[in-house]
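In what follows, a single structure is set out as structure tokens and then discussed.
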Amino acid sequence: MARLEAVARYVIAGVAFLSTQSLGAQIVVPNVPVVTTGNCLPFGCTDNFGSDARYQQAYSNTSFGSAPLLITGLRFFNSTLEPDENDRITAGTYTLWLSTRPSVSTTLPTASLTANRGADFTEFATFTSDGTVRFGSSFDVLGTPFMYDPSSSNLLLEVQAKYTETRGSFTPRLYVDFQTNTSELGRAFCLGSACDVGLAGPRAGLVTAFLTTPVTTVPEPSSFALVGASVLVLYGGVRTRRRRRLRLDIASSHPAPGAA
């Protein structure tokens, strides 16, 4: 019963948060009809590399159109590969950050993860979970709205994972849909405590659906700060709940791109 109540709190929190926004489009990057592979970084790997991992993924600004938007949530899909283990997020705490990229010339991050961050590097959401994401479903991460203007820069996602579950051998828990050989994505990551310099490339990454709200004009920083403060007041109760242990063990009603 306690487990079901925890799931209900997660769903209600998401609905309550989205009701304060005028929900716009779901933008899927990359927008391809069929995805054929998956990857366990950063949400589903279990290995002996230690308790920390940093994962970055860059998204081409051409995937978002030209109008400014507010990013209110991220959706990841589990529809291509199913590991021998049960499909669940590796136990741990995950902090997600968003920022623009310093350049629009390439989506490929460098091996120095800190150097890839933009000046607006902002914490988007934190959750703690070992919840199940059933095969054929998806999971959402709702966060503090992030203003993004695709006309001037690419977008960067950073996931900082602190795992509480490790093993002495490679044991994937969850494969998130992953697209290779695409100019829309690029990634870099490093494994281990307090790592910064890692591996960059290739042009590939997790298929990501951005939950967005359109913005007709880009407000001045001072006026947007007031809007953000108002949203955070409404959002405070949701965020408090999200920092608790979440169990995402219900099938999502959102199918993967290209699914029937």
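In the structure tokens, the first chain shown is A, the next is B, and so on; residue numbers restart at 1 for each chain, and ligands run from 1 in the order shown.
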- Item | Nearby residues (only C-alpha atoms) at most 7 Å from A:Thr72, same-chain spacing under 2 positions excluded, as a VMD selection string | chain A and resid 70 142 to 146 211 to 212
- Enumerate, as a ChimeraX atom specification, the complete set of residues in stretch 46-120 of chain A that a backbone-based DSSP assignment places in helix (DSSP H, G or I). /A:61-64,114-116
Could you write out that same residue set with N, CA, C and O atoms as a PDB file, in the first residue's frame?
ATOM      1  N   ASN A  61      20.386  23.217 -31.768  1.00  0.00           N
ATOM      2  CA  ASN A  61      19.328  24.231 -31.700  1.00  0.00           C
ATOM      3  C   ASN A  61      18.337  24.092 -32.852  1.00  0.00           C
ATOM      4  O   ASN A  61      17.188  24.536 -32.752  1.00  0.00           O
ATOM      5  N   THR A  62      18.742  23.450 -33.943  1.00  0.00           N
ATOM      6  CA  THR A  62      17.851  23.286 -35.096  1.00  0.00           C
ATOM      7  C   THR A  62      16.684  22.350 -34.799  1.00  0.00           C
ATOM      8  O   THR A  62      15.719  22.307 -35.560  1.00  0.00           O
ATOM      9  N   SER A  63      16.766  21.597 -33.706  1.00  0.00           N
ATOM     10  CA  SER A  63      15.698  20.667 -33.343  1.00  0.00           C
ATOM     11  C   SER A  63      14.522  21.354 -32.675  1.00  0.00           C
ATOM     12  O   SER A  63      13.459  20.739 -32.493  1.00  0.00           O
ATOM     13  N   PHE A  64      14.672  22.634 -32.296  1.00  0.00           N
ATOM     14  CA  PHE A  64      13.676  23.304 -31.466  1.00  0.00           C
ATOM     15  C   PHE A  64      12.950  24.439 -32.177  1.00  0.00           C
ATOM     16  O   PHE A  64      12.154  25.139 -31.550  1.00  0.00           O
ATOM     17  N   THR A 114      33.330  20.537 -17.532  1.00  0.00           N
ATOM     18  CA  THR A 114      33.069  21.875 -17.012  1.00  0.00           C
ATOM     19  C   THR A 114      33.143  22.919 -18.117  1.00  0.00           C
ATOM     20  O   THR A 114      32.369  23.879 -18.141  1.00  0.00           O
ATOM     21  N   ALA A 115      34.056  22.738 -19.058  1.00  0.00           N
ATOM     22  CA  ALA A 115      34.213  23.692 -20.147  1.00  0.00           C
ATOM     23  C   ALA A 115      33.017  23.700 -21.089  1.00  0.00           C
ATOM     24  O   ALA A 115      32.812  24.668 -21.832  1.00  0.00           O
ATOM     25  N   ASN A 116      32.212  22.658 -21.070  1.00  0.00           N
ATOM     26  CA  ASN A 116      31.061  22.581 -21.965  1.00  0.00           C
ATOM     27  C   ASN A 116      29.873  23.389 -21.465  1.00  0.00           C
ATOM     28  O   ASN A 116      28.925  23.636 -22.215  1.00  0.00           O
TER      29      ASN A 116
END
- Task: Find the residues around A:Leu199 up to 8 Å (only C-alpha atoms counted), leave out those fewer than 6 positions away in its own chain, and share them as a list in words.
- Result: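 That gives Ala111, Ala188, Phe189 and Cys190 of chain A.
In this model, the gap between atom CA of A:Val176 and atom CA of A:Glu82 comes to 9.4 Å.
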- Task: Name the residues in contact with A:Phe76 at a cut-off of 6 Å, using only C-alpha atoms, excluding same-chain residues fewer than 5 positions from it; report them as a list in words.
- Result: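 Non-adjacent residues within range: Ser138, Phe139 and Thr208 of chain A.
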Expected file: the selected residues, N, CA, C and O atoms, as an mmCIF file, in the first residue's frame:
data_model
loop_
_atom_site.group_PDB
_atom_site.id
_atom_site.type_symbol
_atom_site.label_atom_id
_atom_site.label_comp_id
_atom_site.auth_asym_id
_atom_site.auth_seq_id
_atom_site.Cartn_x
_atom_site.Cartn_y
_atom_site.Cartn_z
ATOM 1 N N SER A 138 7.815 4.950 -20.458
ATOM 2 C CA SER A 138 8.745 6.061 -20.338
ATOM 3 C C SER A 138 8.679 6.619 -18.934
ATOM 4 O O SER A 138 7.809 6.248 -18.145
ATOM 5 N N PHE A 139 9.613 7.521 -18.603
ATOM 6 C CA PHE A 139 9.524 8.228 -17.326
ATOM 7 C C PHE A 139 9.835 9.696 -17.541
ATOM 8 O O PHE A 139 10.615 10.068 -18.418
ATOM 9 N N THR A 208 15.265 12.144 -26.281
ATOM 10 C CA THR A 208 14.698 12.968 -25.218
ATOM 11 C C THR A 208 13.493 13.732 -25.730
ATOM 12 O O THR A 208 13.553 14.369 -26.788
#
- Item | Minimum-distance residue to A:Ala119, chosen among A:Arg101, A:Phe135, A:Leu69, A:Tyr163 (using only C-alpha atoms) | A:Arg101
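Between atom CA of A:Val34 and atom CA of A:Ser153 lies a distance of 27.2 Å.
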- Task: Kindly indicate which residue among A:Gly65, A:Pro109, A:Pro172, A:Pro214 lies nearest to A:Gly201, using only C-alpha atoms for the distances.
- Result: A:Pro109
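Between atom CA of A:Phe121 and atom CA of A:Ser137 the separation is 29.7 Å.
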- Item | Which residue of A:Asp149, A:Glu184, A:Glu165, A:Glu158 approaches A:Val215 most closely, using only C-alpha atoms |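 Closest residue, counting only C-alpha atoms: A:Asp149.
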